[in-house]
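Below is final.cif, holding mmCIF, C-alpha atoms.
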data_upload
loop_
_atom_site.label_atom_id
_atom_site.label_comp_id
_atom_site.auth_asym_id
_atom_site.auth_seq_id
_atom_site.Cartn_x
_atom_site.Cartn_y
_atom_site.Cartn_z
CA MET G 1 98.96 53.90 109.79
CA LEU G 2 100.67 51.35 111.99
CA SER G 3 99.62 51.60 115.63
CA LEU G 4 98.82 49.50 118.69
CA ARG G 5 95.50 48.29 117.36
CA ASN G 6 97.23 46.63 114.40
CA LEU G 7 99.09 44.34 116.76
CA TYR G 8 95.89 42.45 117.48
CA GLN G 9 94.41 41.96 114.02
CA VAL G 10 95.61 38.90 112.16
CA ARG G 11 94.15 37.12 109.15
CA GLN G 12 95.28 33.88 107.59
CA PHE G 13 94.10 32.42 104.30
CA GLY G 14 94.03 28.71 103.62
CA SER G 15 95.31 27.32 100.34
CA SER G 16 94.05 24.07 98.82
CA ASN G 17 91.29 23.49 101.35
CA ARG G 18 90.04 27.09 101.02
CA ILE G 19 89.92 27.49 104.75
CA PHE G 20 89.74 31.10 105.84
CA GLN G 21 90.79 31.88 109.37
CA ALA G 22 90.25 35.28 110.91
CA SER G 23 91.95 35.61 114.25
CA THR G 24 91.57 38.37 116.76
CA PHE G 25 94.01 38.76 119.60
CA ARG G 26 92.26 39.07 122.95
CA ILE G 27 94.13 41.03 125.60
CA LEU G 28 94.04 39.40 129.00
CA PRO G 29 95.79 41.36 131.77
CA SER G 30 97.74 39.17 134.18
CA SER G 31 99.48 39.75 137.48
CA ALA G 32 102.80 40.00 135.60
CA GLU G 33 101.20 42.68 133.41
CA THR G 34 102.00 40.79 130.25
CA ILE G 35 99.50 39.64 127.67
CA ARG G 36 98.38 36.35 126.28
CA VAL G 37 97.35 36.02 122.71
CA ARG G 38 94.50 33.72 121.71
CA ALA G 39 93.02 33.04 118.33
CA GLN G 40 89.29 33.37 118.88
CA HIS G 41 87.71 32.61 115.54
CA SER G 42 88.13 30.06 112.78
CA LEU G 43 85.74 30.17 109.85
CA GLN G 44 85.71 27.24 107.43
CA GLY G 45 84.26 27.51 103.96
CA HIS G 46 83.80 31.24 104.31
CA SER G 47 83.12 32.73 100.89
CA ASP G 48 83.76 36.39 101.70
CA LYS G 49 87.47 36.62 102.38
CA SER G 50 87.30 40.39 102.70
CA LYS G 51 85.27 40.11 105.88
CA ILE G 52 87.67 40.19 108.79
CA ILE G 53 86.67 39.50 112.35
CA SER G 54 88.64 42.02 114.33
CA THR G 55 88.43 44.35 117.29
CA PRO G 56 89.60 47.90 116.54
CA LEU G 57 91.73 49.01 119.46
CA TRP G 58 91.72 52.78 119.09
CA ASN G 59 92.42 53.23 122.78
CA ALA G 60 94.22 49.99 123.47
CA THR G 61 96.39 51.31 126.27
CA GLN G 62 93.34 52.39 128.28
CA ARG G 63 90.79 49.69 127.38
CA TYR G 64 93.11 46.70 127.62
CA ARG G 65 95.73 47.93 130.07
CA ILE G 66 98.43 47.70 127.44
CA ASN G 67 101.68 48.82 129.00
CA SER G 68 105.38 48.77 128.29
CA SER G 69 105.78 45.15 129.43
CA SER G 70 102.96 44.07 127.13
CA LEU G 71 104.56 45.71 124.12
CA VAL G 72 107.95 44.14 124.81
CA HIS G 73 106.23 40.76 125.01
CA LEU G 74 104.57 41.33 121.64
CA LEU G 75 107.68 42.59 119.90
CA SER G 76 109.69 39.57 121.03
CA ASN G 77 107.42 37.36 118.90
CA GLN G 78 108.46 37.49 115.24
CA LYS G 79 105.28 35.76 114.09
CA ILE G 80 103.10 38.48 115.62
CA ILE G 81 105.15 41.26 114.00
CA ASN G 82 104.99 39.44 110.65
CA ASN G 83 101.23 39.05 110.87
CA VAL G 84 100.82 42.75 111.62
CA LEU G 85 102.88 43.73 108.58
CA TYR G 86 101.12 41.21 106.32
CA LEU G 87 97.79 42.66 107.37
CA LEU G 88 98.98 46.11 106.34
CA ASP G 89 100.63 44.94 103.11
CA PRO G 90 100.32 41.27 102.00
CA ARG G 91 103.24 41.73 99.58
CA LEU G 92 105.61 41.77 102.54
CA ARG G 93 105.20 37.99 102.91
CA LYS G 94 107.94 37.47 100.32
CA ASN G 95 109.98 40.56 101.11
CA TYR G 96 113.64 39.97 101.95
CA LEU G 97 114.09 43.15 104.01
CA SER G 98 110.85 42.69 105.94
CA ALA G 99 111.89 39.18 107.00
CA HIS G 100 115.23 40.42 108.31
CA PHE G 101 113.60 43.38 110.05
CA THR G 102 111.12 41.27 112.02
CA TYR G 103 113.83 38.72 112.86
CA TRP G 104 116.24 41.29 114.29
CA LEU G 105 113.57 43.32 116.09
CA SER G 106 112.10 40.24 117.79
CA ARG G 107 115.57 38.95 118.65
CA TYR G 108 116.57 42.30 120.13
CA SER G 109 113.30 42.60 122.09
CA THR G 110 113.98 39.16 123.57
CA PHE G 111 117.61 39.67 124.56
CA SER G 112 117.32 43.38 125.46
CA ALA G 113 113.81 43.44 126.92
CA GLY G 114 114.86 45.80 129.71
CA SER G 115 116.13 48.43 127.28
CA VAL G 116 112.99 48.23 125.14
CA GLU G 117 110.77 48.58 128.20
CA ARG G 118 112.75 51.59 129.43
CA TYR G 119 112.22 53.20 126.02
CA PHE G 120 108.45 52.67 126.24
CA GLN G 121 108.50 54.07 129.78
CA GLY G 122 110.26 57.22 128.54
CA GLU G 123 113.58 56.54 130.28
CA PHE G 124 115.38 56.01 126.94
CA THR G 125 115.08 58.35 123.98
CA LEU G 126 114.59 57.10 120.43
CA THR G 127 118.28 57.85 119.82
CA ASP G 128 119.25 55.79 122.89
CA ILE G 129 117.29 52.73 121.79
CA CYS G 130 118.44 53.02 118.18
CA ASN G 131 122.10 53.13 119.19
CA ASP G 132 121.58 50.12 121.44
CA PHE G 133 119.78 48.25 118.65
CA ILE G 134 122.62 49.02 116.20
CA ARG G 135 125.28 47.75 118.61
CA PHE G 136 123.25 44.59 119.26
CA CYS G 137 122.83 43.80 115.56
CA PHE G 138 126.52 44.17 114.73
CA LYS G 139 127.58 42.29 117.85
CA GLN G 140 125.35 39.43 116.71
CA GLY G 141 127.01 39.44 113.28
CA ILE G 142 124.25 40.93 111.13
CA SER G 143 124.87 40.76 107.38
CA LEU G 144 122.43 41.54 104.56
CA ASP G 145 122.75 41.26 100.80
CA ASN G 146 122.92 44.73 99.22
CA ASN G 147 121.07 43.85 96.00
CA LYS G 148 118.32 41.90 97.77
CA THR G 149 117.84 44.79 100.20
CA LEU G 150 117.62 47.28 97.37
CA ASN G 151 115.16 45.10 95.44
CA SER G 152 112.98 44.88 98.55
CA PHE G 153 112.09 48.54 98.02
CA THR G 154 110.97 48.17 94.39
CA GLU G 155 107.19 48.19 94.91
CA HIS G 156 107.39 50.55 97.88
CA ASN G 157 109.47 53.12 96.00
CA GLN G 158 107.26 52.87 92.93
CA LEU G 159 104.46 54.55 94.88
CA SER G 160 106.54 57.58 95.86
CA ASP G 161 108.25 57.65 92.44
CA ASN G 162 104.88 57.94 90.72
CA ALA G 163 103.84 60.76 93.05
CA VAL G 164 107.12 62.63 92.51
CA LYS G 165 106.91 62.22 88.73
CA ASN G 166 103.36 63.56 88.75
CA GLU G 167 104.72 66.69 90.43
CA LEU G 168 107.56 66.92 87.89
CA LEU G 169 105.03 66.91 85.05
CA LYS G 170 103.72 70.23 86.41
CA ILE G 171 107.07 71.96 85.77
CA MET G 172 107.01 74.37 82.85
CA PRO G 173 109.28 73.03 80.05
CA LYS G 174 112.60 74.80 79.71
CA LYS G 175 115.83 74.38 77.81
CA HIS G 176 117.99 73.46 80.82
CA ILE G 177 117.33 72.32 84.40
CA ASN G 178 119.77 72.32 87.31
CA LEU G 179 118.77 69.52 89.70
CA LEU G 180 120.14 69.46 93.26
CA GLY G 181 119.92 66.25 95.27
CA PHE G 182 119.95 66.82 99.04
CA GLY G 183 121.46 63.74 100.72
CA LEU G 184 121.67 61.92 97.39
CA ASP G 185 124.69 59.64 97.99
CA GLU G 186 125.65 58.19 94.56
CA GLY G 187 122.63 59.88 93.02
CA PHE G 188 120.93 56.90 91.34
CA TYR G 189 117.50 58.33 92.16
CA GLU G 190 118.34 61.81 90.89
CA LYS G 191 119.73 60.34 87.67
CA SER G 192 116.45 58.51 87.09
CA LEU G 193 114.53 61.76 87.60
CA ALA G 194 116.84 63.53 85.15
CA GLN G 195 116.11 60.86 82.54
CA PHE G 196 112.39 61.30 83.17
CA LEU G 197 112.64 65.07 82.63
CA LEU G 198 114.46 64.51 79.34
CA LYS G 199 112.09 61.78 78.15
CA LYS G 200 109.00 63.91 78.84
CA GLY G 201 110.48 66.94 77.10
CA ILE G 202 110.44 69.02 80.26
CA ALA G 203 114.11 69.85 79.68
CA LYS G 204 116.58 69.37 76.85
CA THR G 205 119.53 69.11 79.22
CA VAL G 206 119.81 68.39 82.95
CA LYS G 207 122.83 68.93 85.20
CA ILE G 208 122.86 67.15 88.56
CA TYR G 209 124.38 68.73 91.66
CA GLY G 210 124.65 67.10 95.05
CA PHE G 211 124.77 68.18 98.68
CA ASP G 212 125.81 65.23 100.83
CA PRO G 213 128.89 65.34 103.10
CA TYR G 214 128.81 61.53 103.49
CA ALA G 215 128.19 60.52 99.87
CA LEU G 216 129.88 57.81 97.87
CA ARG G 217 130.55 60.25 95.07
CA SER G 218 129.57 59.67 91.48
CA ALA G 219 131.86 61.09 88.80
CA ASP G 220 129.04 62.66 86.76
CA ILE G 221 127.57 64.65 89.66
CA GLU G 222 128.97 67.97 90.91
CA TYR G 223 129.00 67.84 94.69
CA LEU G 224 128.82 71.11 96.63
CA THR G 225 129.86 71.97 100.17
CA SER G 226 128.14 74.41 102.53
CA SER G 227 130.79 77.05 101.86
CA GLN G 228 130.31 76.67 98.09
CA LEU G 229 126.54 77.03 98.44
CA ASN G 230 126.96 80.18 100.50
CA ARG G 231 128.95 81.92 97.77
CA ASN G 232 127.12 84.46 95.63
CA ASP G 233 128.37 82.80 92.45
CA SER G 234 126.96 79.39 93.36
CA ALA G 235 124.79 77.58 90.81
CA MET G 236 121.06 78.33 90.76
CA PHE G 237 118.64 75.39 90.90
CA ASP G 238 115.34 74.60 89.20
CA LEU G 239 114.63 71.40 91.13
CA VAL G 240 115.68 70.31 94.63
CA THR G 241 114.97 66.75 95.77
CA SER G 242 115.35 64.94 99.08
CA ARG G 243 114.27 61.33 99.52
CA TRP G 244 114.47 59.61 102.93
CA ALA G 245 117.30 61.96 103.92
CA LEU G 246 116.01 64.78 106.12
CA HIS G 247 115.24 62.57 109.14
CA HIS G 248 118.93 61.56 109.19
CA VAL G 249 120.09 65.18 109.57
CA GLU G 250 120.25 66.62 113.09
CA HIS G 251 117.77 69.41 113.79
CA GLN G 252 120.40 72.11 114.24
CA GLN G 253 121.75 71.47 110.74
CA ARG G 254 118.70 70.18 108.89
CA TRP G 255 116.94 73.37 107.94
CA ALA G 256 119.99 75.60 107.70
CA ASP G 257 121.54 73.43 104.97
CA LEU G 258 118.30 72.87 103.07
CA ILE G 259 117.26 76.53 103.23
CA THR G 260 120.70 77.50 101.91
CA CYS G 261 120.04 75.21 98.95
CA ILE G 262 116.61 76.73 98.35
CA THR G 263 117.85 80.33 98.52
CA HIS G 264 119.80 79.41 95.40
CA CYS G 265 116.64 78.41 93.52
CA ASN G 266 115.39 80.14 90.42
CA PRO G 267 111.86 81.63 90.35
CA GLY G 268 109.38 78.84 89.61
CA ALA G 269 111.66 76.17 91.07
CA THR G 270 110.24 73.01 92.66
CA VAL G 271 111.32 71.40 95.95
CA LEU G 272 110.28 67.78 96.47
CA ALA G 273 110.80 65.75 99.65
CA VAL G 274 109.82 62.14 100.34
CA GLU G 275 109.69 61.44 104.07
CA HIS G 276 107.98 59.29 106.68
CA GLY G 277 104.34 60.04 107.39
CA PHE G 278 103.10 61.96 110.39
CA LEU G 279 101.01 60.75 113.30
CA ASN G 280 97.70 62.57 113.65
CA GLU G 281 96.38 63.76 116.99
CA GLY G 282 94.61 61.30 119.24
CA TYR G 283 97.29 58.63 119.54
CA SER G 284 98.50 57.60 122.99
CA ILE G 285 102.10 58.14 124.08
CA LEU G 286 102.73 54.39 123.75
CA ASP G 287 101.25 54.44 120.24
CA LYS G 288 103.68 57.17 119.25
CA ARG G 289 106.68 55.47 120.83
CA LEU G 290 105.78 52.18 119.15
CA TYR G 291 105.31 53.89 115.79
CA TYR G 292 108.69 55.60 115.93
CA LEU G 293 110.46 52.48 117.21
CA LEU G 294 109.14 50.33 114.36
CA ASN G 295 110.00 52.94 111.74
CA ALA G 296 113.46 53.56 113.18
CA THR G 297 114.49 49.91 113.56
CA PHE G 298 113.25 49.18 110.03
CA ASP G 299 115.26 52.19 108.85
CA ILE G 300 118.36 50.84 110.58
CA ILE G 301 118.06 47.35 109.08
CA ALA G 302 117.54 48.88 105.62
CA ASN G 303 120.64 51.06 105.98
CA ILE G 304 122.71 48.12 107.25
CA GLY G 305 121.71 46.28 104.08
CA LEU G 306 122.37 49.22 101.75
CA ARG G 307 125.32 51.05 103.31
CA PRO G 308 126.81 49.33 106.39
CA ARG G 309 129.81 51.69 106.28
CA TYR G 310 127.56 54.42 107.77
CA PHE G 311 127.71 52.39 110.98
CA THR G 312 131.15 50.77 110.79
CA ASP G 313 133.18 53.85 109.77
CA SER G 314 132.97 55.05 113.38
CA ALA G 315 134.34 51.78 114.81
CA PRO G 316 134.89 50.89 117.56
CA ASN G 317 131.88 53.12 118.37
CA ILE G 318 129.57 51.39 115.90
CA GLY G 319 126.71 53.60 114.72
CA VAL G 320 127.57 56.57 116.95
CA ASN G 321 127.10 59.02 114.06
CA PHE G 322 123.82 57.54 112.84
CA CYS G 323 120.95 59.97 113.44
CA ILE G 324 117.19 59.44 113.27
CA GLN G 325 114.93 62.38 114.12
CA TYR G 326 111.58 62.13 112.35
CA LEU G 327 109.86 65.19 110.97
CA THR G 328 106.50 66.61 112.02
CA GLN G 329 104.02 68.91 110.31
CA GLU G 330 105.38 71.69 112.51
CA ASP G 331 108.87 71.12 111.07
CA PHE G 332 107.68 71.83 107.55
CA SER G 333 105.77 74.88 108.78
CA ILE G 334 108.95 76.30 110.37
CA PHE G 335 110.87 75.48 107.21
CA ARG G 336 108.38 77.27 104.94
CA LYS G 337 108.35 80.40 107.09
CA SER G 338 112.15 80.55 106.92
CA ILE G 339 112.22 80.86 103.14
CA PRO G 340 112.70 84.54 102.17
CA PHE G 341 110.39 84.60 99.15
CA PRO G 342 106.79 83.61 98.29
CA THR G 343 106.02 79.91 97.96
CA SER G 344 103.12 77.50 97.57
CA GLU G 345 103.11 74.03 99.08
CA THR G 346 101.22 70.76 99.27
CA THR G 347 101.65 67.77 101.58
CA TYR G 348 100.00 64.37 101.20
CA GLU G 349 100.47 60.78 102.29
CA ILE G 350 100.78 57.71 100.12
CA GLY G 351 100.82 54.03 101.06
CA PRO G 352 101.59 51.37 101.93
CA ALA G 353 100.91 51.73 105.62
CA PHE G 354 104.43 50.64 106.62
CA PRO G 355 106.70 52.38 106.20
CA ASN G 356 104.19 55.04 105.23
CA GLN G 357 105.39 57.92 103.06
CA THR G 358 104.67 61.63 102.86
CA ILE G 359 105.22 63.77 99.76
CA TYR G 360 106.09 67.40 100.43
CA CYS G 361 106.09 69.68 97.38
CA LEU G 362 107.05 73.35 97.60
CA ARG G 363 107.15 75.67 94.62
CA ILE G 364 108.89 79.05 94.40
CA VAL G 365 106.37 81.60 93.14
CA ASN G 366 107.55 83.48 90.03
#

Write-out of the structure in structure tokens:
Amino acid sequence: MLSLRNLYQVRQFGSSNRIFQASTFRILPSSAETIRVRAQHSLQGHSDKSKIISTPLWNATQRYRINSSSLVHLLSNQKIINNVLYLLDPRLRKNYLSAHFTYWLSRYSTFSAGSVERYFQGEFTLTDICNDFIRFCFKQGISLDNNKTLNSFTEHNQLSDNAVKNELLKIMPKKHINLLGFGLDEGFYEKSLAQFLLKKGIAKTVKIYGFDPYALRSADIEYLTSSQLNRNDSAMFDLVTSRWALHHVEHQQRWADLITCITHCNPGATVLAVEHGFLNEGYSILDKRLYYLLNATFDIIANIGLRPRYFTDSAPNIGVNFCIQYLTQEDFSIFRKSIPFPTSETTYEIGPAFPNQTIYCLRIVN
């Protein structure tokens, strides 16, 4: 899990000279209430590269007087953000999306330091800072390659894909399966799951439906509206999927639409959601605000690379319709209690640590 303590643990590996450097950031409060970062250790010829000299900062805000100014100072340094991410997942060193994310976040934190600090102080909401970040990026002429952005998710998505497919293998084989994608856009992911179901003999035929008011529609998917779902003669579903979609639906609509989909499920149906992970208890307020800011700004850069029209369609009010409201364990509890028939559920996290992923699987009891 990415938190404040990760900002001060950096490791660098030498190449030809086999020098291993383990650096720990030491927090030194100053009168300006900013921090200075110093590399404290350099180990040459160290044979055990798994041994990292670091200082866990579980309570960094209290022990080291980390405050909003300190965090803004850190986030304005792209090298520091990169080192944090590389510590969590070394594969990000060559990741196209990660490089653009850290560039734009550090640039924004430099030019809009006051806004970032007001967010950490609680004067700006996550929505406020996200909208400001979106406007900044487009004003500065941001442009990402769609294919390179999509390929940046290959290894990351493989982890959640494997978990989802393991859940699909638990479905009792049947002649036909109706699959509904919630927030599926063109439905590439749902089509891959349909092929998996056919290949594994879980179904002989699969029909894909979609619920997504903002989708770029695919001709071989039947898209449904809320009014169509509410009709008694609406299709019945055996599998409902939602990947990285629920946190983009406003709270007042999120559960109503999804529950409507699930009330049209057959007995024994499976509901699978891939979402961001949850913060456990014990994190400081700054930890939580940092966690959500990093996830949200990464989310924004990814969406700019994949579907910039989500932001530009509302021009001149760029990004005004873009919503990010992350889920909590309590959200899923409310959701489960709103379903009018017996269910079983399981929730578990999978890596990497950023962006971390949660698998939520709910099954309709026969």

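Between G:Thr312 and the residues G:Leu224, G:Leu144, G:Ala235, G:Phe138, the shortest atom-to-atom distance, using only C-alpha atoms, involves G:Phe138.
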
* Selection result of the PyMOL selection byres ((chain G and resi 228) around 12) on this file, as an MDAnalysis selection string -> chainID G and resid 209:211 222:227 229:236 257 260:261 264

* Atomic separation - atom CA of G:Leu306 relative to atom CA of G:Asp331, Å ->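 Separation of atom CA of G:Asp331 and atom CA of G:Leu306: 27.4 Å.
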
Near stretch 103-113 of chain G, 9 Å: stretch 283-338 of chain G residue rows, closest pairs, all atoms listed in the file, as JSON lines:
{"residue": "G:Leu294", "atom": "CA", "partner": "G:Leu105", "partner_atom": "CA", "distance": 8.5}
{"residue": "G:Thr297", "atom": "CA", "partner": "G:Leu105", "partner_atom": "CA", "distance": 7.1}
{"residue": "G:Phe298", "atom": "CA", "partner": "G:Leu105", "partner_atom": "CA", "distance": 8.4}
{"residue": "G:Ile301", "atom": "CA", "partner": "G:Trp104", "partner_atom": "CA", "distance": 8.2}

Extract, using all atoms listed in the file, all DNA, RNA and protein residues at most 12 Å from G:Ala99, discarding same-chain residues fewer than 3 positions from it, and format them as a tab-separated table (two decimals) with C-alpha atoms, keeping the file's coordinate frame.
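Wrote it out as out.tsv, contents follow:
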chain	number	residue	atom	x	y	z
G	78	GLN	CA	108.46	37.49	115.24
G	79	LYS	CA	105.28	35.76	114.09
G	81	ILE	CA	105.15	41.26	114.00
G	82	ASN	CA	104.99	39.44	110.65
G	83	ASN	CA	101.23	39.05	110.87
G	85	LEU	CA	102.88	43.73	108.58
G	86	TYR	CA	101.12	41.21	106.32
G	91	ARG	CA	103.24	41.73	99.58
G	92	LEU	CA	105.61	41.77	102.54
G	93	ARG	CA	105.20	37.99	102.91
G	94	LYS	CA	107.94	37.47	100.32
G	95	ASN	CA	109.98	40.56	101.11
G	96	TYR	CA	113.64	39.97	101.95
G	102	THR	CA	111.12	41.27	112.02
G	103	TYR	CA	113.83	38.72	112.86
G	104	TRP	CA	116.24	41.29	114.29
G	105	LEU	CA	113.57	43.32	116.09
G	106	SER	CA	112.10	40.24	117.79
G	144	LEU	CA	122.43	41.54	104.56
G	148	LYS	CA	118.32	41.90	97.77
G	149	THR	CA	117.84	44.79	100.20
G	152	SER	CA	112.98	44.88	98.55
G	298	PHE	CA	113.25	49.18	110.03
G	301	ILE	CA	118.06	47.35	109.08
G	302	ALA	CA	117.54	48.88	105.62
